[in-house]
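Q: What follows is a structure written as structure tokens; I'll ask about it next.
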Amino acid sequence: MLEVKGFSAGYQGNDVVHDVAFHVDPGEAVMIIGSNGAGKTTLFRAMCGLLPPTSGRVLFEGDDITGLPAERIARLGMRFVSAERHLFPRMTVQENLFLGAYPRRPDAETMSIVLDLFPRLAERRRQHAGTMSGGEQQMLAVGRALMSKPRLLMLDEPSTGLAPLLAQAAYEALGVLRKGGLTVLVAEQQVPLAMAFSDRGYVLENGFIRLQGTTEELAANPSVRHAYLGVT
Amino acid sequence: MSDRLASGTGTSQIGGAEARASRSLAGLLIPIAAVGAALALVPLWLGDSRVLMGVAVLGLAYACYTIAFNVIFGSTGQLFLCVGALAGIGGYGGAILADTVGLPIMASILLATLAATLTGGLLSFVAVRRSLGVIFTGIVTLIFSMSFDALVLGLSDLTGGDTGRLIKSGADTFLRDRIPPYYLMLALVLVFLLAHGLLRRSHVGWAFRALRDDEVAAELAGVDVARYRVYAALVGAAMLGLAGSTYAFTEGRISPTTYGFGEVDVVVVVMLAFGGIGTLFGPIVGAVTFTIVDETLIEFGQLRQVAYGILIILLFLRLPRGVIPTVASLWRRVRGLEGLGAAKSTDSAAGKVEAVSGEARSAE
Amino acid sequence: MIANILDGIVLGLQLGLLAAGLTLVYGLGGVLNLAYGQVAVISALVVAFALDAGVPALPAVGLGLLAGGLLGLLLDLTILRPVYRLRGEARVLLSLLLTLGVSFIVDGFLNWRYPLEALSLRIGGGAVDILGVPMRRGSLVASAITLVTFAGLFVFFRYTSLGRAVRSVIEDEEGARLVGIYPNRMLRLILVLSGVLAALVAVTRSMVTPVDTTSGLSITVFALIVTVVGGLGNVAGALLAGIILGIINVVAADLIGTYISLIILLGAAAVTILIRPAGLLGVKE
């Protein structure tokens with residue numbers, strides 16, 4: 001479904017991500033793990049059209065989407081939930097969700113699926129997004145992305161700023177979505193969380209993909225265990 | 001030679017500035033003297049026509065205003081859109097003090113200049129205290145300009161309102177002759193240039209450059225940004241008051257259009273942008289060019305405004321740094337000296353405008 | 001006094017609607033349009049010419065509104081292109097300078113070609129009594145139209161999909177892009193809208209007092225002041241600021257005198273900006 005080849009991107013002439021290649025097949029849950037500054041956010045932003053890549057290709061369902069503006073890519077069935085979430089603070093939960101479906105009218109069925117998944121959002125329908133807690137905002141960000149019935153959901157560090165229980169709950173919700181057939185690509189610093197959720201993964205270090213494999217393979221890999229799982 | 005051009009556009013090298021200061025007083029005086037000498041020849045050419053000499057005197061007045069604006073905006077990035085109003089405080093203040101209150105001309109000019117200075121300082125102080133950015137400083141000073149205009153129209157007993165007033169003081173002196181006012185204004189221009197030049201070479205000038213380049217870094221380095229901003233405003237406002245009042249006495253009559261926003265501020269901004277924001281001689285280049293252009297196009301009347309509009313657009317899209325830095329760049333490139341660091345204008349006002357145009361062009 | 005307050009409200013509503021156009025463009029696109037007054041003036045002239053040519057009133061006004069919208073579109077397609085490649089303060093500064101240039105071109109041309117043209121819409125019928133004050137029909141119709149327009153704007157932004165989309169760009173541009181909203185298209189829409197609003201204000205203003213070719217600059221400056229006092233990007237703020245400043249203007253003019261009242265108005269605006277730079281209803285960053 002998603003294929004990335006020879007992909008490099010960065011800021012003002014300096015590449016942060018170098019020659020990255022990976023793929024995501026339909027129905028999979030794939031993780032990109034790495035520590036702070038590894039380049040995960042830059043990679044995702046460049047893939048989604050928020051940042052122009054320096055080289056490489058991104059193919060989504062066979063179509064070349066490299067360098068397309070973010071708003072165009074968002075309408076193609078690939079939705080990105082950034083680490084900062086970028087909600088609309090003075091608009092209500094309901095309005096935020098409605099906008100997720102733009103330009104289509106919000107679909108009652110999808111709306112109820114999202115609200116079932118995140119009951120807290122249903123309770124706070126008329127609350128302004130800016131006044132909600134971190135966990136609720138994360139739920140809203142994911143819910144908003146889901147309103148467009150995307151085929152691929154990309155999340156950049158969904159556990160950011162969330163207490164462990166909430167981060168856990170977030171991933172559980174993602175798990176439910178996966179069972180419904182959603183393909184998920186997640187970038188994550190908190191590796192155990194990502195591993196419990198994903199089928200496959202890539203390790204990003206200093207902008208390069210160093211390792212790849214199934215979750216089991218990566219979990220067994222000694223350098224991964226040492227660097228990311230705190231095993232000496 | 002390239003040194004002089006380089007010092008004209010200013011850099012933020014501390015050691016370099018001090019070194020330059022000690023060895024280039026001549027480097028400052030010689031070009032100013034040259035400009036003075038060149039401009040001093042103008043009456044030989046135009047001296048027979050009262051009208052044309054009047055235009056020349058006005059041109060010099062604008063040069064003074066532009067130098068002052070350069071000190072305020074070019075040095076410290078404060079967008080004071082009240083140049084006309086501050087000059088007007090000098091002009092109307094001087095006229096009222098001399099005619100209505102009866103003070104001698106010199107005293108009137110001095111007091112009016114003082115009033116303008118304090119006003120400018122106050123505006124800057126307020127802007128600094130409230131941390132107003134460029135845009136808001138512009139808006140607040142614009143409001144001040146409009147208020148001054150309304151005040152002049154409102155106090156018509158004192159100011160002559162819409163039609164303006166004649167200034168009786170000095171009517172029989174050399175101030176109203178054809179040629180002496182020109183040299184008087186020219187003297188002011190040269191003094192202002194010298195003052196600006198000396199300021200740049202002093203530690204105050206160093207502070208100005210530091211705070212233009214990076215305000216935060218300057219604060220951390222111990223530069224009291226607020227204080228230097230107010231200093232620049234005081235100096236600039238003093239220049240405006242002095243020029244405005246001197247000009248009023250040489251003209252003999254003033255009206256709201258003498259110091260109006262559309263007539264003064266807009267023109268001054270364009271003159272400076274054309275000549276080169278932050279450069280020493282930019283104001284001269286701008287004022288001379290525009291006075292000539294305006295006079296040449298005089299028969300087109302209202303259509304001149306159309307020309308100026310087109311000019312503003314072209315200027316800010318294509319030539320944002322102004323003539324002097326662009327010419328200096330070309331010169332250095334011709335001499336093969338580009339890339340040796342130095343004279344790219346680092347002043348954040350011009351820098352912003354340059355970045356603006358540069359980005360706009362590179363993205364085309 | 002009541003008469004003054006009512007007159008102040010009439011003026012204030014128009015100032016508010018005028019500022020609404022300017023503030024939306026700033027809030028959405030980070031662009032200051034100093035050619036705004038010229039858009040209003042050109043639209044007024046279009047209506048005046050149409051009326052002279054024998055076009056009946058309503059279609060003539062329609063043409064004026066159309067002209068306003070087209071001018072907004074024209075600005076977007078031409079002079080603002082280089083501005084869009086920038087962000088933040090640089091964007092505001094360049095937009096300000098380029099639109100200032102445009103305003104000169106238009107102002108110079110209009111004053112050269114049509115120096116004596118003005119638009120004045122006379123609304124027939126006697127004065128109507130409001131709260132014991134005889135109000136001219138022109139003022140009442142103008143105010144009614146303005147109020148209806150504000151109501152329309154409110155409904156648009158609150159309850160329509162497109163209106164929500166516009167608001168979302170003002171709230172968080174990146175977030176809007178991530179849900180598939182095109183900020184540039186929204187800005188184009190808002191520029192057209194602001195042009196129509198400018199035209200509408202010119203038309204309603206002409207019901208109260210003539211709008212002529214020299215009005216351009218003062219329209220822009222007043223719009224700018226009300227915009228800043230109300231809070232950049234805030235339509236409700238523009239309305240509130242407009243009404244307050246309108247009342248102050250009329251009351252002070254009556255009690256003291258035109259010019260001094262103008263100073264009071266400007267002073268009030270300056271004080272508001274200094275005390276609360278974000279504006280009356282603006283959001284503190």
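Residues are referred to by chain and number: the chain letter is A, B, ... according to the order shown in the structure tokens, the number counts from 1 in that chain, and ligands are numbered separately from 1 in the order shown.
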Write down, as a ChimeraX atom specification, each residue of chain B that has any atom within 6 Å of an atom of chain C, counting only C-alpha atoms.
A: /B:147,150,154,302-303,305-306,309,312-313,356,360
Q: Could you save those same residues with N, CA and C atoms as a CSV table (one decimal), in the first residue's frame?
A:
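Contents of part-v2.csv, as written:
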chain,number,residue,atom,x,y,z
B,147,SER,N,-3.5,61.9,14.4
B,147,SER,CA,-3.9,62.7,15.5
B,147,SER,C,-3.3,64.1,15.3
B,150,ALA,N,-5.1,65.9,12.7
B,150,ALA,CA,-6.4,66.4,13.2
B,150,ALA,C,-6.2,67.6,14.1
B,154,GLY,N,-7.7,71.1,13.8
B,154,GLY,CA,-8.7,71.5,14.8
B,154,GLY,C,-8.3,72.8,15.5
B,302,GLN,N,-1.6,64.4,-11.0
B,302,GLN,CA,-2.1,63.2,-10.2
B,302,GLN,C,-1.5,61.9,-10.7
B,303,LEU,N,-1.2,61.8,-11.9
B,303,LEU,CA,-0.7,60.6,-12.5
B,303,LEU,C,0.7,60.2,-11.9
B,305,GLN,N,1.3,59.9,-8.9
B,305,GLN,CA,1.0,58.9,-7.8
B,305,GLN,C,0.9,57.5,-8.4
B,306,VAL,N,0.4,57.4,-9.6
B,306,VAL,CA,0.4,56.1,-10.2
B,306,VAL,C,1.8,55.6,-10.4
B,309,GLY,N,3.3,54.4,-7.2
B,309,GLY,CA,2.7,53.1,-6.8
B,309,GLY,C,3.5,52.0,-7.5
B,312,ILE,N,6.9,51.7,-6.1
B,312,ILE,CA,7.0,51.0,-4.8
B,312,ILE,C,7.0,49.5,-5.0
B,313,ILE,N,6.1,49.0,-5.9
B,313,ILE,CA,5.9,47.6,-6.1
B,313,ILE,C,7.2,47.1,-6.7
B,356,VAL,N,12.7,38.8,2.1
B,356,VAL,CA,11.4,38.8,1.5
B,356,VAL,C,11.5,38.7,0.0
B,360,ALA,N,11.0,35.4,-2.3
B,360,ALA,CA,10.0,35.5,-3.4
B,360,ALA,C,10.6,35.1,-4.7
Q: Would you give me, as a count of residues only, the residues in segment 56-170 of chain C that DSSP reads as strand (DSSP E or B)?
A: 8
Q: Grab the atom CA of Ala194 of chain A to atom CA of Met31 of chain A distance for me, in Å with one decimal place.
A: 6.4 Å
Q: Report the closest atom pair, with its distance in Å rounded to one decimal, for each residue of chain A that has an atom no farther than 8 Å from chain C; count only C-alpha atoms, sort by chain and then rising residue number, and write it as a tab-separated table.
A:
residue	atom	partner	partner_atom	distance
A:Ala70	CA	C:Arg177	CA	5.9
A:Glu71	CA	C:Gly180	CA	4.1
A:Arg72	CA	C:Gly180	CA	6.2
A:Ile73	CA	C:Gly180	CA	7.4
A:Ala74	CA	C:Gly180	CA	4.8
A:Arg75	CA	C:Gly180	CA	5.3
A:Arg79	CA	C:Leu178	CA	7.1
A:Phe80	CA	C:Leu178	CA	6.6
A:Val81	CA	C:Leu178	CA	7.9
A:Arg85	CA	C:Gly175	CA	7.5
A:His86	CA	C:Gly175	CA	4.6
A:Leu87	CA	C:Gly175	CA	6.0
A:Phe88	CA	C:Glu171	CA	5.4
A:Pro89	CA	C:Glu171	CA	6.9
A:Arg90	CA	C:Glu171	CA	7.2
A:Glu95	CA	C:Arg164	CA	7.6
A:Leu99	CA	C:Ala165	CA	6.8
A:Gly100	CA	C:Val179	CA	5.5
A:Ala101	CA	C:Val179	CA	7.5
A:Tyr102	CA	C:Gly180	CA	6.8
A:Pro103	CA	C:Gly180	CA	7.6
A:Arg105	CA	C:Ser161	CA	7.8
A:Ala145	CA	C:Val179	CA	7.0
Q: Would you kindly return, as a list in words, each protein, DNA or RNA residue with an atom no farther than 8 Å from any atom of Ala38 of chain A, considering only C-alpha atoms and excluding same-chain residues fewer than 5 positions away?
A: Leu204, Glu205, Asn206 and Gly207 of chain A
Q: Measure the distance from atom CA of Leu193 of chain C to atom CA of Gly242 of chain C in Å and round it to one decimal.
A: 18.8 Å
Q: Mind checking which residues fall within 7 Å of Met47 of chain A, counting only C-alpha atoms, ignoring those fewer than 3 positions away in the same chain, and posting them as a PyMOL selection string?
A: chain A and resi 43-44+58
Q: Counting only C-alpha atoms, what is within 12 Å of Thr41 of chain A, bar same-chain residues fewer than 5 positions away, as number ranges by chain?
A: A: 9-10, 16-17, 32-36, 46-48, 50-51, 80-84, 154-158, 186-189, 204, 207
Q: How about saving the chosen residues, C-alpha atoms kept, as a compact mmCIF listing (two decimals), in the first residue's frame?
A:
# COMPACT_ATOMS: atom_id res chain seq x y z
CA ALA A 9 14.67 15.03 3.55
CA GLY A 10 15.84 17.78 5.83
CA VAL A 16 18.11 14.74 8.46
CA VAL A 17 16.79 11.59 6.83
CA ILE A 32 9.39 3.06 12.86
CA ILE A 33 11.32 3.15 16.10
CA GLY A 34 14.23 5.29 17.13
CA SER A 35 15.33 7.66 19.81
CA ASN A 36 14.85 11.40 19.96
CA ALA A 46 8.21 14.88 4.40
CA MET A 47 6.19 11.85 3.40
CA CYS A 48 2.93 13.64 4.13
CA LEU A 50 4.43 19.15 5.09
CA LEU A 51 8.09 19.30 4.10
CA PHE A 80 -1.33 11.82 9.41
CA VAL A 81 -1.69 12.51 13.11
CA SER A 82 1.29 14.62 14.07
CA ALA A 83 2.90 14.67 17.48
CA GLU A 84 1.60 18.19 18.13
CA MET A 154 0.15 7.48 10.15
CA LEU A 155 0.87 8.51 13.71
CA ASP A 156 3.92 10.33 14.99
CA GLU A 157 4.64 9.35 18.58
CA PRO A 158 1.04 8.97 19.75
CA VAL A 186 3.43 4.49 13.64
CA ALA A 187 6.63 6.25 14.68
CA GLU A 188 7.41 5.69 18.30
CA GLN A 189 10.04 6.38 20.88
CA LEU A 204 15.80 4.56 12.41
CA GLY A 207 18.40 9.32 9.71
Q: For each of B:Val334, B:Ile32, B:Val327, B:Leu81, take the minimum atom-to-atom distance to Phe136 of chain B, counting only C-alpha atoms, then give the residue where this is smallest.
A: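 Of B:Val334, B:Ile32, B:Val327, B:Leu81, the one nearest Phe136 of chain B, counting only C-alpha atoms, is B:Leu81.
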Q: Give me, as number ranges by chain, all polymer residues having an atom no more than 9 Å from Gly201 of chain A, counting only C-alpha atoms and skipping those fewer than 3 positions away in the same chain.
A: A: 29-33, 194-195, 198, 211-215, 218
Q: As number ranges by chain, please: the residues near Arg126 of chain A (cut-off 9 Å, only C-alpha atoms, same-chain neighbours under 3 positions excluded).
A: A: 91-95, 122-123, 129
Q: Please, could you write that set of residues out with C-alpha atoms as a short mmCIF file (atom, residue, chain, number, x, y, z; two decimals), in the first residue's frame?
A:
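Output (result-v9.cif):
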data_model
loop_
_atom_site.label_atom_id
_atom_site.label_comp_id
_atom_site.auth_asym_id
_atom_site.auth_seq_id
_atom_site.Cartn_x
_atom_site.Cartn_y
_atom_site.Cartn_z
CA MET A 91 -13.69 24.81 18.02
CA THR A 92 -15.68 22.10 19.73
CA VAL A 93 -14.93 18.42 19.72
CA GLN A 94 -17.85 17.97 17.37
CA GLU A 95 -16.61 20.65 14.98
CA ALA A 122 -18.90 11.75 23.24
CA GLU A 123 -19.21 13.17 26.73
CA ALA A 129 -10.68 21.28 21.99
#
Q: Suppose you want the space between atom CA of Pro134 of chain C and atom CA of Ile219 of chain C; what is it in Å?
A: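 Separation of atom CA of Pro134 of chain C and atom CA of Ile219 of chain C: 27.2 Å.
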Q: Enumerate the residues of segment 217-356 of chain B with a DSSP assignment of helix (DSSP H, G or I), computed from the backbone, and present them as a ChimeraX atom specification.
A: /B:217-220,225-251,256-258,261-275,282-296,298-300,303-318,323-334,348-356
Q: Give the answer as one residue: which of B:Asp48, B:Gly222, B:Leu186, B:Gly91 has the shortest atom-to-atom distance to Ala33 of chain B, using only C-alpha atoms?
A: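 Of B:Asp48, B:Gly222, B:Leu186, B:Gly91, the one nearest Ala33 of chain B is B:Leu186, counting only C-alpha atoms.
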